[in-house]
Structures are given as structure tokens and as C-alpha cells.
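As provided, start_0.pdb (PDB, C-alpha atoms) reads as follows.
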ATOM      1  CA  MET A   1     157.721 259.307  36.137
ATOM      2  CA  HIS A   2     156.826 255.910  37.626
ATOM      3  CA  LEU A   3     159.976 254.658  39.330
ATOM      4  CA  ASN A   4     158.458 251.241  40.076
ATOM      5  CA  GLN A   5     157.994 250.666  36.349
ATOM      6  CA  LEU A   6     161.635 251.591  35.723
ATOM      7  CA  LEU A   7     162.732 249.147  38.423
ATOM      8  CA  ILE A   8     160.567 246.337  37.022
ATOM      9  CA  PHE A   9     161.785 246.902  33.463
ATOM     10  CA  SER A  10     165.404 247.030  34.671
ATOM     11  CA  LYS A  11     165.057 243.670  36.446
ATOM     12  CA  ILE A  12     163.412 242.051  33.408
ATOM     13  CA  ALA A  13     166.202 243.336  31.181
ATOM     14  CA  GLN A  14     168.863 242.197  33.664
ATOM     15  CA  HIS A  15     167.545 238.634  33.984
ATOM     16  CA  LYS A  16     165.979 238.333  30.490
ATOM     17  CA  SER A  17     163.054 236.794  32.310
ATOM     18  CA  PHE A  18     159.684 237.930  33.655
ATOM     19  CA  THR A  19     159.656 235.079  36.157
ATOM     20  CA  LYS A  20     163.102 235.861  37.629
ATOM     21  CA  ALA A  21     162.266 239.580  37.832
ATOM     22  CA  ALA A  22     159.057 238.790  39.719
ATOM     23  CA  THR A  23     160.920 236.442  42.076
ATOM     24  CA  GLU A  24     163.611 239.017  42.912
ATOM     25  CA  LEU A  25     161.087 241.798  43.431
ATOM     26  CA  GLN A  26     158.746 239.487  45.368
ATOM     27  CA  ILE A  27     155.692 240.389  43.283
ATOM     28  CA  ASP A  28     153.366 238.460  40.972
ATOM     29  CA  LYS A  29     154.422 237.755  37.397
ATOM     30  CA  SER A  30     151.180 239.391  36.232
ATOM     31  CA  THR A  31     152.176 242.598  38.069
ATOM     32  CA  VAL A  32     155.484 242.552  36.202
ATOM     33  CA  SER A  33     153.719 242.151  32.836
ATOM     34  CA  ASN A  34     151.117 244.836  33.562
ATOM     35  CA  ASN A  35     153.729 247.403  34.632
ATOM     36  CA  LEU A  36     155.854 246.741  31.564
ATOM     37  CA  ALA A  37     152.815 247.180  29.309
ATOM     38  CA  LYS A  38     151.963 250.491  30.993
ATOM     39  CA  LEU A  39     155.572 251.687  30.635
ATOM     40  CA  GLU A  40     155.692 250.849  26.914
ATOM     41  CA  SER A  41     152.307 252.510  26.415
ATOM     42  CA  ARG A  42     153.422 255.656  28.215
ATOM     43  CA  LEU A  43     156.708 255.848  26.260
ATOM     44  CA  GLY A  44     155.086 254.886  22.951
ATOM     45  CA  VAL A  45     157.838 252.385  22.077
ATOM     46  CA  ARG A  46     158.378 248.661  22.386
ATOM     47  CA  LEU A  47     161.165 247.894  24.852
ATOM     48  CA  LEU A  48     161.218 244.096  24.770
ATOM     49  CA  ASN A  49     160.743 241.333  22.264
ATOM     50  CA  ARG A  50     159.264 238.340  24.059
ATOM     51  CA  SER A  51     158.431 234.865  22.939
ATOM     52  CA  THR A  52     157.550 231.703  24.814
ATOM     53  CA  ARG A  53     161.266 230.899  25.140
ATOM     54  CA  SER A  54     163.156 234.176  25.327
ATOM     55  CA  VAL A  55     163.120 237.866  26.195
ATOM     56  CA  THR A  56     165.365 240.268  24.302
ATOM     57  CA  LEU A  57     165.791 244.016  24.303
ATOM     58  CA  THR A  58     164.742 246.104  21.305
ATOM     59  CA  GLU A  59     167.054 248.873  20.150
ATOM     60  CA  ALA A  60     164.966 251.395  22.110
ATOM     61  CA  GLY A  61     164.899 249.043  25.059
ATOM     62  CA  GLN A  62     168.685 248.670  25.042
ATOM     63  CA  GLY A  63     169.203 252.438  25.190
ATOM     64  CA  TYR A  64     166.468 252.920  27.788
ATOM     65  CA  TYR A  65     167.926 250.147  29.947
ATOM     66  CA  GLN A  66     171.255 251.971  30.246
ATOM     67  CA  TYR A  67     169.504 254.952  31.881
ATOM     68  CA  CYS A  68     167.250 252.770  34.042
ATOM     69  CA  GLN A  69     170.225 250.751  35.263
ATOM     70  CA  GLN A  70     171.992 253.905  36.482
ATOM     71  CA  ILE A  71     168.859 255.052  38.326
ATOM     72  CA  VAL A  72     168.294 251.655  39.966
ATOM     73  CA  GLU A  73     171.951 251.263  40.979
ATOM     74  CA  THR A  74     171.959 254.759  42.519
ATOM     75  CA  ALA A  75     168.751 253.978  44.423
ATOM     76  CA  GLU A  76     170.177 250.684  45.686
ATOM     77  CA  GLU A  77     173.392 252.401  46.793
ATOM     78  CA  ALA A  78     171.322 255.030  48.636
ATOM     79  CA  GLU A  79     169.327 252.314  50.398
ATOM     80  CA  GLN A  80     172.506 250.462  51.416
ATOM     81  CA  PHE A  81     174.035 253.717  52.669
ATOM     82  CA  THR A  82     170.919 254.536  54.710
ATOM     83  CA  ALA A  83     170.836 251.032  56.173
ATOM     84  CA  THR A  84     174.496 251.423  57.159
ATOM     85  CA  LEU A  85     173.677 254.582  59.096
ATOM     86  CA  GLY A  86     171.504 252.515  61.411
ATOM     87  CA  LYS A  87     174.152 249.840  62.022
ATOM     88  CA  GLU A  88     177.512 251.597  61.963
ATOM     89  CA  ALA A  89     178.545 254.850  63.610
ATOM     90  CA  VAL A  90     179.191 256.991  60.523
ATOM     91  CA  GLY A  91     178.372 260.482  59.275
ATOM     92  CA  LEU A  92     178.025 263.893  60.878
ATOM     93  CA  LEU A  93     176.792 264.182  64.487
ATOM     94  CA  ARG A  94     175.500 267.658  65.390
ATOM     95  CA  VAL A  95     175.518 268.358  69.140
ATOM     96  CA  ALA A  96     174.076 271.504  70.700
ATOM     97  CA  ALA A  97     175.111 272.527  74.208
ATOM     98  CA  LEU A  98     175.550 275.512  76.443
ATOM     99  CA  ASN A  99     179.044 276.946  76.422
ATOM    100  CA  ASP A 100     179.306 275.650  79.997
ATOM    101  CA  PHE A 101     179.559 272.091  78.656
ATOM    102  CA  SER A 102     182.625 272.640  76.512
ATOM    103  CA  GLN A 103     185.241 272.327  79.296
ATOM    104  CA  ILE A 104     183.499 269.253  80.713
ATOM    105  CA  PHE A 105     182.348 267.263  77.700
ATOM    106  CA  ILE A 106     185.115 267.854  75.172
ATOM    107  CA  PRO A 107     187.785 265.988  77.187
ATOM    108  CA  LYS A 108     185.473 263.504  78.953
ATOM    109  CA  VAL A 109     183.056 262.533  76.160
ATOM    110  CA  ILE A 110     183.740 264.057  72.753
ATOM    111  CA  GLN A 111     187.456 263.287  72.537
ATOM    112  CA  PRO A 112     187.178 259.580  73.480
ATOM    113  CA  PHE A 113     184.025 259.175  71.347
ATOM    114  CA  MET A 114     185.689 260.591  68.223
ATOM    115  CA  GLU A 115     188.853 258.602  68.822
ATOM    116  CA  ALA A 116     186.852 255.363  69.038
ATOM    117  CA  ASN A 117     184.586 256.236  66.073
ATOM    118  CA  PRO A 118     186.810 257.541  63.271
ATOM    119  CA  LYS A 119     183.979 257.536  60.696
ATOM    120  CA  VAL A 120     181.996 260.128  62.660
ATOM    121  CA  ASP A 121     182.495 263.870  62.210
ATOM    122  CA  MET A 122     181.103 266.192  64.866
ATOM    123  CA  GLU A 123     179.807 269.740  65.091
ATOM    124  CA  LEU A 124     179.516 271.240  68.583
ATOM    125  CA  ILE A 125     177.020 274.108  68.451
ATOM    126  CA  LEU A 126     177.245 276.386  71.488
ATOM    127  CA  GLU A 127     173.795 277.564  72.523
ATOM    128  CA  TYR A 128     172.693 280.840  74.021
ATOM    129  CA  ARG A 129     169.073 279.859  73.406
ATOM    130  CA  ASN A 130     167.270 276.536  73.117
ATOM    131  CA  THR A 131     167.965 275.288  69.603
ATOM    132  CA  ASP A 132     165.057 273.893  67.565
ATOM    133  CA  LEU A 133     166.481 270.401  67.098
ATOM    134  CA  VAL A 134     164.194 269.357  64.245
ATOM    135  CA  LYS A 135     164.283 272.605  62.255
ATOM    136  CA  GLU A 136     168.060 273.032  62.648
ATOM    137  CA  ARG A 137     168.840 269.329  62.087
ATOM    138  CA  VAL A 138     170.558 268.869  65.443
ATOM    139  CA  ASP A 139     170.971 265.249  66.568
ATOM    140  CA  ILE A 140     171.199 265.883  70.299
ATOM    141  CA  ALA A 141     171.306 268.740  72.813
ATOM    142  CA  LEU A 142     172.912 268.732  76.271
ATOM    143  CA  ARG A 143     171.265 270.982  78.819
ATOM    144  CA  PHE A 144     171.249 271.740  82.525
ATOM    145  CA  GLY A 145     167.956 271.699  84.383
ATOM    146  CA  ILE A 146     167.292 272.188  88.081
ATOM    147  CA  VAL A 147     163.913 270.505  87.544
ATOM    148  CA  PRO A 148     163.025 267.892  84.892
ATOM    149  CA  LEU A 149     162.285 269.330  81.482
ATOM    150  CA  GLU A 150     158.695 270.004  80.500
ATOM    151  CA  ASP A 151     156.886 267.392  78.414
ATOM    152  CA  SER A 152     157.293 267.822  74.669
ATOM    153  CA  ASP A 153     157.653 265.789  71.508
ATOM    154  CA  LEU A 154     161.368 265.509  72.256
ATOM    155  CA  ILE A 155     162.924 262.699  74.273
ATOM    156  CA  SER A 156     164.764 263.786  77.419
ATOM    157  CA  LYS A 157     167.169 261.461  79.167
ATOM    158  CA  LYS A 158     168.944 262.376  82.388
ATOM    159  CA  ILE A 159     172.598 261.490  82.077
ATOM    160  CA  LEU A 160     173.875 262.716  85.440
ATOM    161  CA  ASP A 161     173.049 264.646  88.591
ATOM    162  CA  ASP A 162     175.299 267.461  89.705
ATOM    163  CA  GLU A 163     175.093 269.716  92.764
ATOM    164  CA  LEU A 164     175.326 273.464  92.988
ATOM    165  CA  GLY A 165     177.501 275.252  95.511
ATOM    166  CA  LEU A 166     179.001 278.619  96.339
ATOM    167  CA  TYR A 167     182.616 279.310  95.351
ATOM    168  CA  CYS A 168     185.073 282.172  95.481
ATOM    169  CA  SER A 169     188.805 282.669  95.009
ATOM    170  CA  PRO A 170     191.386 282.561  97.852
ATOM    171  CA  GLY A 171     192.213 286.181  96.965
ATOM    172  CA  PHE A 172     188.599 287.187  97.557
ATOM    173  CA  ILE A 173     188.759 285.623 101.035
ATOM    174  CA  ASP A 174     192.061 287.379 101.778
ATOM    175  CA  LYS A 175     190.483 290.719 100.860
ATOM    176  CA  TYR A 176     186.974 290.427 102.324
ATOM    177  CA  GLY A 177     187.099 287.493 104.732
ATOM    178  CA  LYS A 178     185.402 284.112 104.444
ATOM    179  CA  LEU A 179     181.664 283.583 104.409
ATOM    180  CA  VAL A 180     181.125 281.279 107.398
ATOM    181  CA  ASP A 181     177.419 281.856 108.127
ATOM    182  CA  VAL A 182     174.617 282.157 105.613
ATOM    183  CA  SER A 183     173.237 285.221 107.422
ATOM    184  CA  GLN A 184     176.360 287.115 106.239
ATOM    185  CA  ILE A 185     175.617 286.512 102.555
ATOM    186  CA  ASN A 186     174.382 290.067 101.872
ATOM    187  CA  ASP A 187     177.688 291.461 103.157
ATOM    188  CA  PHE A 188     179.562 289.963 100.184
ATOM    189  CA  ASP A 189     179.585 290.665  96.470
ATOM    190  CA  LEU A 190     177.730 287.964  94.558
ATOM    191  CA  ILE A 191     178.092 287.094  90.879
ATOM    192  CA  GLU A 192     174.648 287.140  89.302
ATOM    193  CA  LEU A 193     173.903 284.634  86.568
ATOM    194  CA  PHE A 194     171.000 285.578  84.318
ATOM    195  CA  MET A 195     170.040 282.820  81.883
ATOM    196  CA  GLY A 196     166.266 282.981  82.197
ATOM    197  CA  PRO A 197     164.493 283.197  85.584
ATOM    198  CA  HIS A 198     166.393 284.929  88.358
ATOM    199  CA  ILE A 199     168.367 282.342  90.349
ATOM    200  CA  GLN A 200     167.456 281.712  93.950
ATOM    201  CA  LEU A 201     169.194 278.907  95.835
ATOM    202  CA  PRO A 202     167.147 277.109  98.487
ATOM    203  CA  ILE A 203     169.597 275.440 100.906
ATOM    204  CA  LYS A 204     169.066 273.201 103.935
ATOM    205  CA  LYS A 205     170.927 272.099 107.039
ATOM    206  CA  GLY A 206     169.016 269.748 109.307
ATOM    207  CA  ASN A 207     165.715 271.471 110.081
ATOM    208  CA  ALA A 208     167.031 274.877 109.025
ATOM    209  CA  SER A 209     166.435 276.304 105.552
ATOM    210  CA  TYR A 210     167.441 279.489 103.760
ATOM    211  CA  THR A 211     166.998 280.910 100.259
ATOM    212  CA  ILE A 212     169.933 282.783  98.774
ATOM    213  CA  ASP A 213     168.964 285.499  96.327
ATOM    214  CA  MET A 214     171.856 285.519  93.843
ATOM    215  CA  LYS A 215     171.756 289.221  92.986
ATOM    216  CA  GLY A 216     175.062 290.978  92.533
ATOM    217  CA  ARG A 217     176.925 293.926  91.111
ATOM    218  CA  PHE A 218     178.483 291.803  88.375
ATOM    219  CA  LYS A 219     176.013 290.012  86.095
ATOM    220  CA  VAL A 220     176.779 287.495  83.345
ATOM    221  CA  ASN A 221     174.720 285.110  81.185
ATOM    222  CA  ASP A 222     177.298 282.336  80.859
ATOM    223  CA  LEU A 223     178.297 279.842  83.552
ATOM    224  CA  LEU A 224     181.931 279.591  82.417
ATOM    225  CA  SER A 225     182.209 283.380  82.568
ATOM    226  CA  ALA A 226     180.713 283.310  86.068
ATOM    227  CA  LYS A 227     183.423 280.828  87.008
ATOM    228  CA  ASP A 228     186.099 283.080  85.472
ATOM    229  CA  ALA A 229     184.685 286.015  87.421
ATOM    230  CA  ALA A 230     184.933 284.035  90.650
ATOM    231  CA  LEU A 231     188.499 283.000  89.804
ATOM    232  CA  SER A 232     189.441 286.649  89.273
ATOM    233  CA  GLY A 233     188.019 287.671  92.651
ATOM    234  CA  LEU A 234     184.921 289.537  91.489
ATOM    235  CA  GLY A 235     182.679 287.786  93.980
ATOM    236  CA  ILE A 236     180.969 284.584  95.093
ATOM    237  CA  ALA A 237     179.441 282.479  92.311
ATOM    238  CA  ALA A 238     176.896 279.672  92.326
ATOM    239  CA  LEU A 239     178.551 276.936  90.275
ATOM    240  CA  SER A 240     178.124 273.221  89.733
ATOM    241  CA  LYS A 241     180.559 270.856  91.435
ATOM    242  CA  LEU A 242     181.379 269.278  88.083
ATOM    243  CA  LEU A 243     182.398 272.621  86.636
ATOM    244  CA  SER A 244     184.323 273.676  89.760
ATOM    245  CA  GLN A 245     186.072 270.416  90.629
ATOM    246  CA  GLU A 246     189.379 271.018  88.863
ATOM    247  CA  ALA A 247     189.715 274.593  90.157
ATOM    248  CA  VAL A 248     188.988 273.419  93.722
ATOM    249  CA  GLU A 249     191.609 270.655  93.443
ATOM    250  CA  LYS A 250     194.140 273.254  92.253
ATOM    251  CA  LYS A 251     193.111 275.533  95.145
ATOM    252  CA  GLN A 252     191.999 278.218  92.693
ATOM    253  CA  LEU A 253     188.457 278.177  94.093
ATOM    254  CA  VAL A 254     187.230 277.636  97.648
ATOM    255  CA  PRO A 255     183.825 276.001  98.335
ATOM    256  CA  LEU A 256     181.694 277.891 100.860
ATOM    257  CA  LEU A 257     178.961 276.817 103.321
ATOM    258  CA  THR A 258     179.894 273.191 102.776
ATOM    259  CA  ASP A 259     177.826 272.101 105.785
ATOM    260  CA  TRP A 260     174.665 273.158 103.945
ATOM    261  CA  GLN A 261     172.853 271.046 101.337
ATOM    262  CA  PHE A 262     172.481 272.802  97.980
ATOM    263  CA  PRO A 263     169.986 271.924  95.241
ATOM    264  CA  SER A 264     170.998 269.376  92.646
ATOM    265  CA  VAL A 265     171.048 270.166  88.952
ATOM    266  CA  ALA A 266     170.473 267.477  86.351
ATOM    267  CA  VAL A 267     172.136 267.248  82.964
ATOM    268  CA  TYR A 268     169.793 266.061  80.236
ATOM    269  CA  ALA A 269     170.359 264.700  76.759
ATOM    270  CA  ILE A 270     167.557 265.893  74.466
ATOM    271  CA  TYR A 271     166.941 264.245  71.097
ATOM    272  CA  PRO A 272     164.056 264.049  68.606
ATOM    273  CA  SER A 273     163.003 260.374  68.601
ATOM    274  CA  ARG A 274     163.855 256.877  69.779
ATOM    275  CA  GLN A 275     162.620 255.400  66.478
ATOM    276  CA  TRP A 276     165.154 254.779  63.717
ATOM    277  CA  MET A 277     167.939 256.272  65.789
ATOM    278  CA  PRO A 278     171.219 256.316  63.821
ATOM    279  CA  ALA A 279     174.083 254.296  65.261
ATOM    280  CA  LYS A 280     176.241 257.415  65.730
ATOM    281  CA  LEU A 281     173.670 258.798  68.183
ATOM    282  CA  LYS A 282     173.171 255.465  69.983
ATOM    283  CA  VAL A 283     176.920 255.177  70.557
ATOM    284  CA  PHE A 284     177.229 258.811  71.679
ATOM    285  CA  LEU A 285     174.482 258.280  74.266
ATOM    286  CA  LEU A 286     176.460 255.335  75.671
ATOM    287  CA  TYR A 287     179.480 257.606  76.144
ATOM    288  CA  LEU A 288     177.307 260.180  77.923
ATOM    289  CA  GLU A 289     175.983 257.507  80.282
ATOM    290  CA  GLN A 290     179.553 256.709  81.403
ATOM    291  CA  LEU A 291     180.029 260.140  82.992
TER     292      LEU A 291
END
Starting from the file, lay out its structure as C-alpha cells.
Amino acid sequence: MHLNQLLIFSKIAQHKSFTKAATELQIDKSTVSNNLAKLESRLGVRLLNRSTRSVTLTEAGQGYYQYCQQIVETAEEAEQFTATLGKEAVGLLRVAALNDFSQIFIPKVIQPFMEANPKVDMELILEYRNTDLVKERVDIALRFGIVPLEDSDLISKKILDDELGLYCSPGFIDKYGKLVDVSQINDFDLIELFMGPHIQLPIKKGNASYTIDMKGRFKVNDLLSAKDAALSGLGIAALSKLLSQEAVEKKQLVPLLTDWQFPSVAVYAIYPSRQWMPAKLKVFLLYLEQL
């Protein structure tokens, strides 16, 4: 099937004119005539009666035009819909993120974004592995990274810097005492987070430096669960300030070794391409930048 020939025939039939069809399609009149001749030859029927003054549809042409018109109108609607996706925030936005993001980004980003963009639906896909964005048709992924992400075909955009720290519950301090010097760290139960390489925290204070090996009796592969473990008094956890802020303000968690400088951790937005980015993704990135 030659869809261009269907389109050309449909425009001739609509305007009853080769010249007007050529003008609308922005092609030569000879191209219009040649394509119509090829279409009639392929179908084995005459679709149009033409004279020097008029163009009329044959009986076969009238019936064929009804089908062509439906195809052309559907194609034009599809093109208008696709063009709208680039200009207006509409459609389904699929966001992949670690479970750790849910408590932070749902109230601070997702809720206000969806409220301001009622034509956008959203799927939040919680990751326990790095999702293949292209294969799984994910628009954007939000990920922590202590160092910038490795080069790839994906675009990575840092949306904020956070800082790690050590936290425990007031009950843990009441039971075991407070960690006041880094040299005491091995005397306390630590909460071990295993989400890839074993976590070691290099910290600094003036000219002094120390690396904390976050090995512990209790191990978990989810940052929110590590926070819950710290809240319940299971040990000292390495958490981000962003994730711990509310619990610290409510005096549910106590920051430790606050006179030491801990490594920062960046939050990245990862997405497939800057080219032909749909409006829903452009707008969502703006909301992320406001964090």
C-alpha cells in the first residue's frame, strides 16, 4: 500500500482540482498526476473523470474516497495529537526511582506537579535495580550517586546535592551512650546498607580524616528501611540529611559527629534524550529543579 498515493487522491477528490491538491501538499502538479496514474494502474480502475474544466469522481472513485478519507483524517489526527505532546503537558509520565525517594518526592514534587498538570497521569516505579529506560519505556529515573554517573547514551542532570550523616534514635543513646568521638565507632552497632559496593564513609575535620566502615549486625538494602531501623533503636545509620530532616526536627533521630564533614551525595535525573522531549517531561524537570 502506498499511503502517499492515497493522500494525493484524497486531496484531489476533496478539492476537485489537481492544482489545489498540489498547492495544499506543496508538491508539483506533475507529481500529483503521476501518483494518481500509478494508483489507478495498481487498482485497475478509473477513479476520476477529468476534463480541461472539471474533475469528478467515478463510481469506484466515490467508494474508494470514503475509505481514503477515513485513513487521511486518522493520520492527521495522529499528527495533531503527537504535535500536542510536544507543546502541552499531557499523557502518561513514567518515573522510576529508588524506594528512598517516595517520602521525599511525592509530597515535594509529584503532588504539586500533578495538581498543576491535570492532563498528566503518572506511574512511580520503585526500583531495586537500575531500570532500562528505553526498553521499559520509562521517561525519567531519579537516582542517588556519591560520584557523578558514568558516561552513557542517557542524559544525566544533577538536581540537588545532599549530605550524608550518622543518625540514631534517642532511645539508642539512652541505652548505649552517645558516640562523641569517631574512634569509638566500633563500640556501637551500625546499620549496614548493601545496595552495591560496600559503603565506606570518608569524613574530615580540619586536617584530620577518618574512614568509617559501615559494617553492622543488621543489614538492609533499602535506605528507608535503614532509617526505620535507626528509628527503632537497632543502631547507627548513614542517612542523607534530606531523608532525615523531618525525624531530626521531631527529635526522633539524633545527628552524630556533627563537627565532622561527611561526603555529599548528588541526586540525578536520568532521561533518554534532550531531542523531541515531550512537554510533560520538560515541566517535570522544572519541578525537580525547584527542590
Cut-off 6 Å: closest segment 188-216 of chain A/segment 260-281 of chain A atom pairs per residue, using only C-alpha atoms, as JSON lines:
{"residue": "A:Ile203", "atom": "CA", "partner": "A:Phe262", "partner_atom": "CA", "distance": 4.9}
{"residue": "A:Lys204", "atom": "CA", "partner": "A:Gln261", "partner_atom": "CA", "distance": 5.1}
{"residue": "A:Lys205", "atom": "CA", "partner": "A:Trp260", "partner_atom": "CA", "distance": 5.0}
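Applied to the file shown here, the PyMOL selection byres ((chain A and resi 214) around 8) selects the residues Leu190, Ile191, Glu192, Leu193, His198, Ile199, Gln200, Leu201, Ile212, Asp213, Lys215, Gly216 and Ala238 of chain A.
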I need the residue set behind the PyMOL selection byres ((chain A and resi 232) around 10) for this file; please write it as a short mmCIF file (atom, residue, chain, number, x, y, z; two decimals) with C-alpha atoms, in the coordinates of the input.
data_model
loop_
_atom_site.label_atom_id
_atom_site.label_comp_id
_atom_site.auth_asym_id
_atom_site.auth_seq_id
_atom_site.Cartn_x
_atom_site.Cartn_y
_atom_site.Cartn_z
CA CYS A 168 185.07 282.17 95.48
CA SER A 169 188.80 282.67 95.01
CA PRO A 170 191.39 282.56 97.85
CA GLY A 171 192.21 286.18 96.96
CA PHE A 172 188.60 287.19 97.56
CA ALA A 226 180.71 283.31 86.07
CA LYS A 227 183.42 280.83 87.01
CA ASP A 228 186.10 283.08 85.47
CA ALA A 229 184.68 286.02 87.42
CA ALA A 230 184.93 284.04 90.65
CA LEU A 231 188.50 283.00 89.80
CA GLY A 233 188.02 287.67 92.65
CA LEU A 234 184.92 289.54 91.49
CA GLY A 235 182.68 287.79 93.98
CA GLN A 252 192.00 278.22 92.69
CA LEU A 253 188.46 278.18 94.09
#
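As for atom CA of Val90 of chain A and atom CA of Met114 of chain A, they are spaced 10.7 Å apart.
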Next on the checklist: If we count only C-alpha atoms and set the cut-off at 12 Å, which residues sit around Pro118 of chain A, ignoring sequence neighbours fewer than 6 positions away in its own chain? Please answer as a PyMOL selection string.
Outcome noted: chain A and resi 88-92+110-112+280
Checklist entry - What residues have an atom no more than 6 Å from (183.8, 281.8, 97.6) in the file's own frame, counting only C-alpha atoms, and can you write them as a PyMOL selection string? => result chain A and resi 166-169+236+254-256
Item to check | Å distance separating atom CA of Leu291 of chain A from atom CA of Val120 of chain A, one decimal place | outcome: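 Taking atom CA of Leu291 of chain A and atom CA of Val120 of chain A, their separation equals 20.4 Å.
Residues matched by the PyMOL selection byres ((chain A and resi 37-41) around 12) in this file: Met1, His2, Leu3, Asn4, Gln5, Leu6, Leu7, Ile8, Phe9, Ser10, Ser30, Thr31, Val32, Ser33, Asn34, Asn35, Leu36, Arg42, Leu43, Gly44, Val45, Arg46, Leu47, Leu48, Asn49, Thr58, Ala60, Gly61 and Tyr64 of chain A.
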Checklist entry - Skipping near chain neighbours, those fewer than 2 positions away, what residues fall within 12 Å of Leu223 of chain A using only C-alpha atoms, listed as an MDAnalysis selection string? => result chainID A and resid 98:103 128 144 164 191:195 219:221 225:230 237:240 242:244
Those selected residues, please, written with C-alpha atoms and delivered as an mmCIF file, in the frame of the given file.
data_model
loop_
_atom_site.group_PDB
_atom_site.id
_atom_site.type_symbol
_atom_site.label_atom_id
_atom_site.label_comp_id
_atom_site.auth_asym_id
_atom_site.auth_seq_id
_atom_site.Cartn_x
_atom_site.Cartn_y
_atom_site.Cartn_z
ATOM 1 C CA LEU A 98 175.550 275.512 76.443
ATOM 2 C CA ASN A 99 179.044 276.946 76.422
ATOM 3 C CA ASP A 100 179.306 275.650 79.997
ATOM 4 C CA PHE A 101 179.559 272.091 78.656
ATOM 5 C CA SER A 102 182.625 272.640 76.512
ATOM 6 C CA GLN A 103 185.241 272.327 79.296
ATOM 7 C CA TYR A 128 172.693 280.840 74.021
ATOM 8 C CA PHE A 144 171.249 271.740 82.525
ATOM 9 C CA LEU A 164 175.326 273.464 92.988
ATOM 10 C CA ILE A 191 178.092 287.094 90.879
ATOM 11 C CA GLU A 192 174.648 287.140 89.302
ATOM 12 C CA LEU A 193 173.903 284.634 86.568
ATOM 13 C CA PHE A 194 171.000 285.578 84.318
ATOM 14 C CA MET A 195 170.040 282.820 81.883
ATOM 15 C CA LYS A 219 176.013 290.012 86.095
ATOM 16 C CA VAL A 220 176.779 287.495 83.345
ATOM 17 C CA ASN A 221 174.720 285.110 81.185
ATOM 18 C CA SER A 225 182.209 283.380 82.568
ATOM 19 C CA ALA A 226 180.713 283.310 86.068
ATOM 20 C CA LYS A 227 183.423 280.828 87.008
ATOM 21 C CA ASP A 228 186.099 283.080 85.472
ATOM 22 C CA ALA A 229 184.685 286.015 87.421
ATOM 23 C CA ALA A 230 184.933 284.035 90.650
ATOM 24 C CA ALA A 237 179.441 282.479 92.311
ATOM 25 C CA ALA A 238 176.896 279.672 92.326
ATOM 26 C CA LEU A 239 178.551 276.936 90.275
ATOM 27 C CA SER A 240 178.124 273.221 89.733
ATOM 28 C CA LEU A 242 181.379 269.278 88.083
ATOM 29 C CA LEU A 243 182.398 272.621 86.636
ATOM 30 C CA SER A 244 184.323 273.676 89.760
#
Item to check | Residues within 10 Å of (171.5, 272.0, 61.3), counting all atoms listed in the file, listed as a ChimeraX atom specification | outcome: /A:93-96,123,125,131-139
Report, as lines of an AutoDock Vina configuration file, the centre and edge lengths in Å (one decimal) of the axis-aligned box enclosing every listed atom of segment 4-20 of chain A, padded by 3 Å on each side.
center_x = 163.4
center_y = 243.3
center_z = 35.3
size_x = 16.9
size_y = 22.5
size_z = 15.6
